[in-house]
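Student: Input coords06.txt, format and content: compact mmCIF, N, CA and C atoms and all ligand atoms.
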```txt
# COMPACT_ATOMS: atom_id res chain seq x y z
N MET L 1 0.85 -1.19 0.00
CA MET L 1 0.00 0.00 0.00
C MET L 1 0.88 1.24 0.00
N ASP L 2 0.60 2.19 -0.89
CA ASP L 2 1.49 3.36 -0.90
C ASP L 2 1.01 4.41 0.10
N LYS L 3 1.88 5.38 0.34
CA LYS L 3 1.63 6.35 1.40
C LYS L 3 0.38 7.19 1.12
N ASN L 4 0.12 7.47 -0.17
CA ASN L 4 -1.07 8.25 -0.52
C ASN L 4 -2.34 7.51 -0.09
N GLU L 5 -2.34 6.20 -0.30
CA GLU L 5 -3.52 5.40 0.08
C GLU L 5 -3.67 5.35 1.60
N VAL L 6 -2.55 5.22 2.30
CA VAL L 6 -2.60 5.22 3.77
C VAL L 6 -3.18 6.55 4.26
N ASP L 7 -2.66 7.66 3.73
CA ASP L 7 -3.15 8.99 4.15
C ASP L 7 -4.64 9.13 3.86
N TYR L 8 -5.02 8.70 2.68
CA TYR L 8 -6.41 8.84 2.22
C TYR L 8 -7.36 8.04 3.13
N ILE L 9 -7.01 6.81 3.39
CA ILE L 9 -7.88 5.96 4.23
C ILE L 9 -7.98 6.53 5.64
N LEU L 10 -6.85 6.93 6.20
CA LEU L 10 -6.90 7.41 7.59
C LEU L 10 -7.57 8.78 7.69
N ARG L 11 -7.45 9.58 6.64
CA ARG L 11 -8.07 10.91 6.70
C ARG L 11 -9.59 10.81 6.59
N TYR L 12 -10.06 9.95 5.70
CA TYR L 12 -11.51 9.92 5.42
C TYR L 12 -12.25 8.76 6.06
N SER L 13 -11.51 7.82 6.63
CA SER L 13 -12.19 6.64 7.20
C SER L 13 -11.72 6.35 8.60
N SER L 14 -11.27 7.38 9.32
CA SER L 14 -10.75 7.12 10.66
C SER L 14 -11.86 6.62 11.60
N HIS L 15 -13.14 6.89 11.24
CA HIS L 15 -14.23 6.37 12.06
C HIS L 15 -14.29 4.84 12.02
N LEU L 16 -13.60 4.24 11.07
CA LEU L 16 -13.59 2.78 10.97
C LEU L 16 -12.48 2.14 11.81
N MET L 17 -11.72 2.99 12.50
CA MET L 17 -10.70 2.43 13.40
C MET L 17 -11.38 1.65 14.52
N THR L 18 -10.73 0.60 14.99
CA THR L 18 -11.24 -0.12 16.16
C THR L 18 -11.00 0.74 17.40
N LEU L 19 -11.63 0.37 18.49
CA LEU L 19 -11.43 1.10 19.74
C LEU L 19 -9.95 1.11 20.13
N GLU L 20 -9.29 -0.02 19.94
CA GLU L 20 -7.87 -0.12 20.28
C GLU L 20 -7.04 0.82 19.41
N GLU L 21 -7.35 0.85 18.12
CA GLU L 21 -6.62 1.74 17.21
C GLU L 21 -6.85 3.21 17.57
N LYS L 22 -8.08 3.54 17.94
CA LYS L 22 -8.38 4.92 18.35
C LYS L 22 -7.60 5.31 19.60
N LYS L 23 -7.53 4.37 20.54
CA LYS L 23 -6.78 4.65 21.78
C LYS L 23 -5.29 4.84 21.47
N ALA L 24 -4.76 4.00 20.60
CA ALA L 24 -3.35 4.12 20.24
C ALA L 24 -3.09 5.45 19.53
N TRP L 25 -3.99 5.82 18.64
CA TRP L 25 -3.84 7.06 17.90
C TRP L 25 -3.90 8.27 18.85
N ARG L 26 -4.83 8.21 19.79
CA ARG L 26 -4.96 9.31 20.75
C ARG L 26 -3.71 9.41 21.63
N HIS L 27 -3.21 8.28 22.04
CA HIS L 27 -1.99 8.25 22.85
C HIS L 27 -0.84 8.91 22.08
N TYR L 28 -0.66 8.48 20.85
CA TYR L 28 0.41 9.05 20.02
C TYR L 28 0.20 10.56 19.82
N SER L 29 -1.02 10.97 19.48
CA SER L 29 -1.30 12.38 19.20
C SER L 29 -1.04 13.25 20.42
N THR L 30 -1.41 12.72 21.59
CA THR L 30 -1.20 13.50 22.82
C THR L 30 0.29 13.75 23.05
N LEU L 31 1.09 12.71 22.86
CA LEU L 31 2.54 12.88 23.00
C LEU L 31 3.07 13.85 21.95
N PHE L 32 2.63 13.65 20.72
CA PHE L 32 3.13 14.45 19.61
C PHE L 32 2.81 15.93 19.81
N LYS L 33 1.56 16.22 20.18
CA LYS L 33 1.14 17.62 20.33
C LYS L 33 1.90 18.31 21.47
N GLN L 34 2.32 17.53 22.44
CA GLN L 34 3.03 18.14 23.57
C GLN L 34 4.53 17.94 23.43
N ASP L 35 4.92 17.52 22.23
CA ASP L 35 6.34 17.42 21.91
C ASP L 35 7.09 16.46 22.85
N LYS L 36 6.47 15.33 23.13
CA LYS L 36 7.11 14.31 23.97
C LYS L 36 7.27 13.04 23.14
N GLU L 37 8.33 12.32 23.46
CA GLU L 37 8.49 11.03 22.79
C GLU L 37 8.06 9.89 23.69
N ASN L 38 8.01 10.16 24.97
CA ASN L 38 7.71 9.09 25.90
C ASN L 38 6.91 9.64 27.07
N VAL L 39 6.00 8.84 27.60
CA VAL L 39 5.18 9.32 28.72
C VAL L 39 6.03 9.67 29.94
N SER L 40 7.23 9.10 30.02
CA SER L 40 8.08 9.40 31.18
C SER L 40 8.55 10.85 31.18
N GLU L 41 8.38 11.54 30.06
CA GLU L 41 8.76 12.96 30.01
C GLU L 41 7.72 13.87 30.68
N PHE L 42 6.55 13.32 30.96
CA PHE L 42 5.56 14.10 31.70
C PHE L 42 5.86 14.00 33.19
N SER L 43 5.47 15.03 33.92
CA SER L 43 5.57 14.93 35.38
C SER L 43 4.60 13.85 35.86
N HIS L 44 4.85 13.35 37.04
CA HIS L 44 4.01 12.29 37.56
C HIS L 44 2.53 12.72 37.62
N SER L 45 2.28 13.92 38.13
CA SER L 45 0.89 14.34 38.29
C SER L 45 0.22 14.55 36.93
N ARG L 46 0.99 15.06 35.98
CA ARG L 46 0.42 15.27 34.64
C ARG L 46 0.11 13.94 33.97
N ARG L 47 1.01 12.99 34.15
CA ARG L 47 0.80 11.66 33.56
C ARG L 47 -0.46 11.01 34.15
N GLU L 48 -0.61 11.15 35.46
CA GLU L 48 -1.80 10.59 36.10
C GLU L 48 -3.08 11.22 35.54
N MET L 49 -3.03 12.52 35.35
CA MET L 49 -4.20 13.24 34.83
C MET L 49 -4.51 12.77 33.40
N LEU L 50 -3.47 12.65 32.58
CA LEU L 50 -3.68 12.21 31.19
C LEU L 50 -4.21 10.78 31.12
N LEU L 51 -3.70 9.94 32.01
CA LEU L 51 -4.18 8.55 32.06
C LEU L 51 -5.64 8.50 32.49
N ARG L 52 -5.94 9.29 33.51
CA ARG L 52 -7.30 9.29 34.06
C ARG L 52 -8.31 9.74 32.99
N ASN L 53 -7.90 10.66 32.15
CA ASN L 53 -8.80 11.17 31.12
C ASN L 53 -8.68 10.44 29.78
N ASN L 54 -7.95 9.36 29.81
CA ASN L 54 -7.77 8.52 28.62
C ASN L 54 -7.10 9.22 27.44
N TRP L 55 -6.29 10.23 27.73
CA TRP L 55 -5.52 10.86 26.65
C TRP L 55 -4.30 10.02 26.30
N ILE L 56 -3.80 9.32 27.31
CA ILE L 56 -2.72 8.36 27.08
C ILE L 56 -3.14 7.05 27.73
N THR L 57 -2.41 6.00 27.39
CA THR L 57 -2.77 4.69 27.94
C THR L 57 -1.52 4.00 28.47
N ASP L 58 -1.72 3.12 29.43
CA ASP L 58 -0.60 2.27 29.84
C ASP L 58 -0.93 0.80 29.56
N ASP L 59 -1.95 0.59 28.75
CA ASP L 59 -2.37 -0.77 28.39
C ASP L 59 -1.37 -1.37 27.38
N PRO L 60 -0.66 -2.41 27.78
CA PRO L 60 0.35 -2.97 26.87
C PRO L 60 -0.23 -3.45 25.53
N GLU L 61 -1.49 -3.86 25.53
CA GLU L 61 -2.08 -4.32 24.26
C GLU L 61 -2.33 -3.18 23.29
N ILE L 62 -2.45 -1.97 23.82
CA ILE L 62 -2.59 -0.79 22.96
C ILE L 62 -1.19 -0.31 22.54
N LEU L 63 -0.31 -0.25 23.52
CA LEU L 63 1.03 0.28 23.25
C LEU L 63 1.79 -0.56 22.25
N ILE L 64 1.48 -1.86 22.19
CA ILE L 64 2.20 -2.72 21.26
C ILE L 64 1.90 -2.31 19.80
N LEU L 65 0.73 -1.71 19.60
CA LEU L 65 0.38 -1.25 18.26
C LEU L 65 1.33 -0.15 17.77
N LEU L 66 1.90 0.59 18.73
CA LEU L 66 2.78 1.72 18.39
C LEU L 66 4.26 1.37 18.48
N LYS L 67 4.51 0.12 18.80
CA LYS L 67 5.88 -0.30 19.10
C LYS L 67 6.86 -0.02 17.95
N GLU L 68 6.39 -0.21 16.73
CA GLU L 68 7.31 -0.05 15.59
C GLU L 68 7.24 1.33 14.96
N GLY L 69 6.60 2.25 15.67
CA GLY L 69 6.58 3.63 15.17
C GLY L 69 5.26 3.97 14.52
N ILE L 70 5.05 5.26 14.36
CA ILE L 70 3.75 5.73 13.92
C ILE L 70 3.47 5.37 12.45
N GLU L 71 4.51 5.37 11.61
CA GLU L 71 4.26 5.06 10.20
C GLU L 71 3.80 3.62 10.03
N VAL L 72 4.41 2.73 10.79
CA VAL L 72 4.02 1.31 10.72
C VAL L 72 2.59 1.15 11.26
N PHE L 73 2.30 1.85 12.35
CA PHE L 73 0.95 1.81 12.90
C PHE L 73 -0.07 2.31 11.87
N ARG L 74 0.23 3.44 11.22
CA ARG L 74 -0.70 4.01 10.24
C ARG L 74 -0.93 3.04 9.08
N GLU L 75 0.15 2.45 8.60
CA GLU L 75 0.01 1.54 7.47
C GLU L 75 -0.77 0.28 7.87
N ASN L 76 -0.44 -0.28 9.03
CA ASN L 76 -1.16 -1.47 9.49
C ASN L 76 -2.65 -1.18 9.67
N THR L 77 -2.94 0.00 10.23
CA THR L 77 -4.33 0.37 10.47
C THR L 77 -5.08 0.55 9.15
N ALA L 78 -4.44 1.23 8.21
CA ALA L 78 -5.08 1.43 6.90
C ALA L 78 -5.34 0.09 6.22
N LYS L 79 -4.38 -0.81 6.30
CA LYS L 79 -4.56 -2.15 5.68
C LYS L 79 -5.69 -2.91 6.36
N ARG L 80 -5.75 -2.81 7.67
CA ARG L 80 -6.79 -3.52 8.42
C ARG L 80 -8.17 -2.94 8.06
N ILE L 81 -8.27 -1.63 7.96
CA ILE L 81 -9.55 -1.01 7.59
C ILE L 81 -9.94 -1.46 6.19
N LEU L 82 -8.98 -1.45 5.30
CA LEU L 82 -9.29 -1.83 3.92
C LEU L 82 -9.76 -3.28 3.84
N SER L 83 -9.13 -4.18 4.62
CA SER L 83 -9.56 -5.57 4.50
C SER L 83 -10.89 -5.81 5.23
N ASP L 84 -11.15 -5.09 6.32
CA ASP L 84 -12.41 -5.31 7.06
C ASP L 84 -13.57 -4.48 6.52
N ASN L 85 -13.28 -3.29 6.01
CA ASN L 85 -14.34 -2.36 5.63
C ASN L 85 -14.14 -1.81 4.22
N GLY L 86 -13.45 -2.57 3.41
CA GLY L 86 -13.10 -2.08 2.07
C GLY L 86 -14.29 -1.58 1.27
N ASN L 87 -15.45 -2.23 1.48
CA ASN L 87 -16.62 -1.82 0.71
C ASN L 87 -17.18 -0.47 1.15
N GLU L 88 -16.70 0.05 2.29
CA GLU L 88 -17.17 1.37 2.75
C GLU L 88 -16.25 2.50 2.31
N ILE L 89 -15.16 2.14 1.66
CA ILE L 89 -14.20 3.16 1.26
C ILE L 89 -14.32 3.43 -0.23
N VAL L 90 -14.54 4.68 -0.54
CA VAL L 90 -14.64 5.07 -1.94
C VAL L 90 -13.30 5.67 -2.36
N PHE L 91 -12.58 4.93 -3.16
CA PHE L 91 -11.34 5.49 -3.70
C PHE L 91 -11.69 6.30 -4.94
N ASN L 92 -11.24 7.51 -4.96
CA ASN L 92 -11.55 8.42 -6.07
C ASN L 92 -10.30 8.53 -6.94
N TYR L 93 -10.32 7.80 -8.05
CA TYR L 93 -9.15 7.80 -8.93
C TYR L 93 -9.34 8.76 -10.09
N CYS L 94 -8.26 9.33 -10.54
CA CYS L 94 -8.29 10.21 -11.71
C CYS L 94 -8.70 9.39 -12.94
N PRO L 95 -9.72 9.86 -13.68
CA PRO L 95 -10.14 9.10 -14.86
C PRO L 95 -9.11 9.13 -15.99
N LYS L 96 -8.17 10.02 -15.89
CA LYS L 96 -7.18 10.11 -16.96
C LYS L 96 -5.93 9.27 -16.67
N CYS L 97 -5.29 9.52 -15.54
CA CYS L 97 -4.03 8.80 -15.26
C CYS L 97 -4.21 7.66 -14.27
N GLY L 98 -5.40 7.58 -13.61
CA GLY L 98 -5.67 6.46 -12.72
C GLY L 98 -5.07 6.57 -11.34
N LYS L 99 -4.46 7.71 -11.01
CA LYS L 99 -3.89 7.84 -9.67
C LYS L 99 -4.95 8.32 -8.67
N LEU L 100 -4.67 8.07 -7.40
CA LEU L 100 -5.61 8.42 -6.34
C LEU L 100 -5.63 9.93 -6.13
N THR L 101 -6.83 10.49 -6.10
CA THR L 101 -6.94 11.94 -5.89
C THR L 101 -6.79 12.25 -4.39
N ARG L 102 -6.81 13.52 -4.08
CA ARG L 102 -6.55 13.92 -2.70
C ARG L 102 -7.72 13.64 -1.78
N THR L 103 -8.95 13.78 -2.27
CA THR L 103 -10.12 13.56 -1.41
C THR L 103 -11.16 12.74 -2.18
N PRO L 104 -12.15 12.18 -1.44
CA PRO L 104 -13.20 11.41 -2.13
C PRO L 104 -14.01 12.26 -3.11
N LYS L 105 -14.00 13.59 -2.98
CA LYS L 105 -14.80 14.44 -3.85
C LYS L 105 -13.97 15.26 -4.82
N SER L 106 -12.69 15.03 -4.86
CA SER L 106 -11.83 15.80 -5.78
C SER L 106 -12.31 15.65 -7.20
N LYS L 107 -12.21 16.72 -7.95
CA LYS L 107 -12.49 16.66 -9.37
C LYS L 107 -11.31 17.21 -10.16
N GLN L 108 -10.19 17.22 -9.51
CA GLN L 108 -8.98 17.61 -10.21
C GLN L 108 -7.85 16.73 -9.70
N CYS L 109 -6.99 16.32 -10.62
CA CYS L 109 -5.90 15.40 -10.28
C CYS L 109 -4.66 16.19 -9.89
N ARG L 110 -4.05 15.79 -8.77
CA ARG L 110 -2.84 16.51 -8.33
C ARG L 110 -1.60 16.01 -9.05
N PHE L 111 -1.74 14.92 -9.79
CA PHE L 111 -0.57 14.39 -10.50
C PHE L 111 -0.51 14.90 -11.93
N CYS L 112 -1.61 14.70 -12.68
CA CYS L 112 -1.57 15.10 -14.10
C CYS L 112 -2.37 16.38 -14.34
N PHE L 113 -3.02 16.89 -13.30
CA PHE L 113 -3.78 18.15 -13.36
C PHE L 113 -5.03 18.08 -14.24
N HIS L 114 -5.42 16.85 -14.60
CA HIS L 114 -6.66 16.67 -15.33
C HIS L 114 -7.80 17.20 -14.44
N ASP L 115 -8.79 17.85 -15.06
CA ASP L 115 -9.90 18.47 -14.33
C ASP L 115 -11.20 17.94 -14.91
N TRP L 116 -12.06 17.34 -14.05
CA TRP L 116 -13.32 16.81 -14.56
C TRP L 116 -14.54 17.45 -13.90
N HIS L 117 -14.40 18.73 -13.53
CA HIS L 117 -15.57 19.51 -13.13
C HIS L 117 -16.46 19.65 -14.35
N GLN L 118 -17.77 19.62 -14.13
CA GLN L 118 -18.67 19.74 -15.29
C GLN L 118 -18.87 21.21 -15.65
ZN ZN L 201 -4.46 12.29 -13.23
```
Show how you would write the structure in this file as structure tokens.
Ligand SMILES: [Zn+2]

Tutor:
Amino acid sequence: MDKNEVDYILRYSSHLMTLEEKKAWRHYSTLFKQDKENVSEFSHSRREMLLRNNWITDDPEILILLKEGIEVFRENTAKRILSDNGNEIVFNYCPKCGKLTRTPKSKQCRFCFHDWHQ
């Protein structure tokens, strides 16, 4: 699966993530937004607060999803969504060059600049 497809699936079909995937994503996003690489960089009280509010997790079954890094997590999640919910995903391909457009409703291709607005 190429990176464009991963981005597209996660951007428009993130509601199809499992509860575990959503928790992992939220955990990662919380660290990322606060410029931390590891929960140990938070103060003890802050970490407790984030855990209590489910912004981060200490569940090993969730954390294992992030073990190999965010790109691997994103790709695995996109693949899992595609195999479980593929019929709910509308891939919008350029009618001219066949590449994936930026959004499900795009009418212009970012690769060949073909435009199919009526
Ligand atoms: Zn095109």

Student: Please check which protein, DNA or RNA residues sit within 6.5 Å of ligand ZN 201 (chain L), counting all atoms listed in the file, and write them as a list in words.

Tutor: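 Written in the requested form, the residues are Cys94, Pro95, Lys96, Cys97, Gly98, Lys99, Cys109, Arg110, Phe111, Cys112, Phe113 and His114 of chain L.
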
Student: Report the residues of chain L whose backbone DSSP state falls under helix (DSSP H, G or I), written as a PyMOL selection string.

Tutor: chain L and resi 3-12+14-16+19-33+39-41+44-52+60-66+70-88

Student: Which residue is closest to L:Ser29? Choose from L:Ile64, L:Ile56, L:Val90, L:Leu100 and count only C-alpha atoms.

Tutor: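 Checking each of L:Ile64, L:Ile56, L:Val90, L:Leu100 against L:Ser29, counting only C-alpha atoms, the winner is L:Ile56.
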
Student: So that I can check the surroundings of L:Ala24, please list as a short mmCIF file (atom, residue, chain, number, x, y, z; two decimals) with N, CA and C atoms, in the frame of the given file every protein, DNA and RNA residue that reaches within 7 Å of it, counting all atoms listed in the file and ignoring chain neighbours fewer than 5 positions away.

Tutor:
```
data_model
loop_
_atom_site.label_atom_id
_atom_site.label_comp_id
_atom_site.auth_asym_id
_atom_site.auth_seq_id
_atom_site.Cartn_x
_atom_site.Cartn_y
_atom_site.Cartn_z
N LEU L 19 -11.63 0.37 18.49
CA LEU L 19 -11.43 1.10 19.74
C LEU L 19 -9.95 1.11 20.13
N SER L 29 -1.02 10.97 19.48
CA SER L 29 -1.30 12.38 19.20
C SER L 29 -1.04 13.25 20.42
N ILE L 62 -2.45 -1.97 23.82
CA ILE L 62 -2.59 -0.79 22.96
C ILE L 62 -1.19 -0.31 22.54
N LEU L 63 -0.31 -0.25 23.52
CA LEU L 63 1.03 0.28 23.25
C LEU L 63 1.79 -0.56 22.25
N LEU L 65 0.73 -1.71 19.60
CA LEU L 65 0.38 -1.25 18.26
C LEU L 65 1.33 -0.15 17.77
N LEU L 66 1.90 0.59 18.73
CA LEU L 66 2.78 1.72 18.39
C LEU L 66 4.26 1.37 18.48
#
```

Student: Could you tell me how far atom CA of L:Lys79 lies from atom CA of L:Glu5, in Å and to one decimal?

Tutor: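 Spanning atom CA of L:Lys79 to atom CA of L:Glu5 is a straight-line distance of 9.5 Å.
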
Student: Would you kindly return, as a list in words, each protein, DNA or RNA residue with an atom no farther than 8 Å from any atom of L:Arg74, considering all atoms listed in the file and excluding same-chain residues fewer than 4 positions away?

Tutor: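 Counting only the stated atoms, we get Val6, Asp7, Leu10, Leu65, Leu66, Gly69, Ile70, Ala78, Lys79 and Arg80 of chain L.
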
Student: Could you check how far atom C of L:Met17 sits from atom CA of L:Ile81, in Å to one decimal?

Tutor: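 Interatomic distance, atom C of L:Met17 to atom CA of L:Ile81: 7.6 Å.
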
Student: From the set L:Arg26, L:Arg47, L:Arg102, L:Lys33, which residue has the shortest atom-to-atom contact distance to L:Tyr12, counting only C-alpha atoms?

Tutor: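 Smallest distance to L:Tyr12 is found for L:Arg102.
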
Student: Could you please determine the separation between atom C of L:Leu82 and atom C of L:Pro104 in Å, to one decimal place?

Tutor: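 So the two atoms, atom C of L:Leu82 and atom C of L:Pro104, lie 17.5 Å apart.
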
Student: For L:Arg46, which residue among L:Asn92, L:Asn76, L:Ser13, L:Gln34 is the nearest when counting only C-alpha atoms?

Tutor: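 When distances to L:Arg46 are compared using only C-alpha atoms, the smallest one comes from L:Gln34.
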
Student: Once DSSP has gone over the backbone, tell me which residues of chain L are in strand (DSSP E or B), as a PyMOL selection string.

Tutor: chain L and resi 93+100+108+115
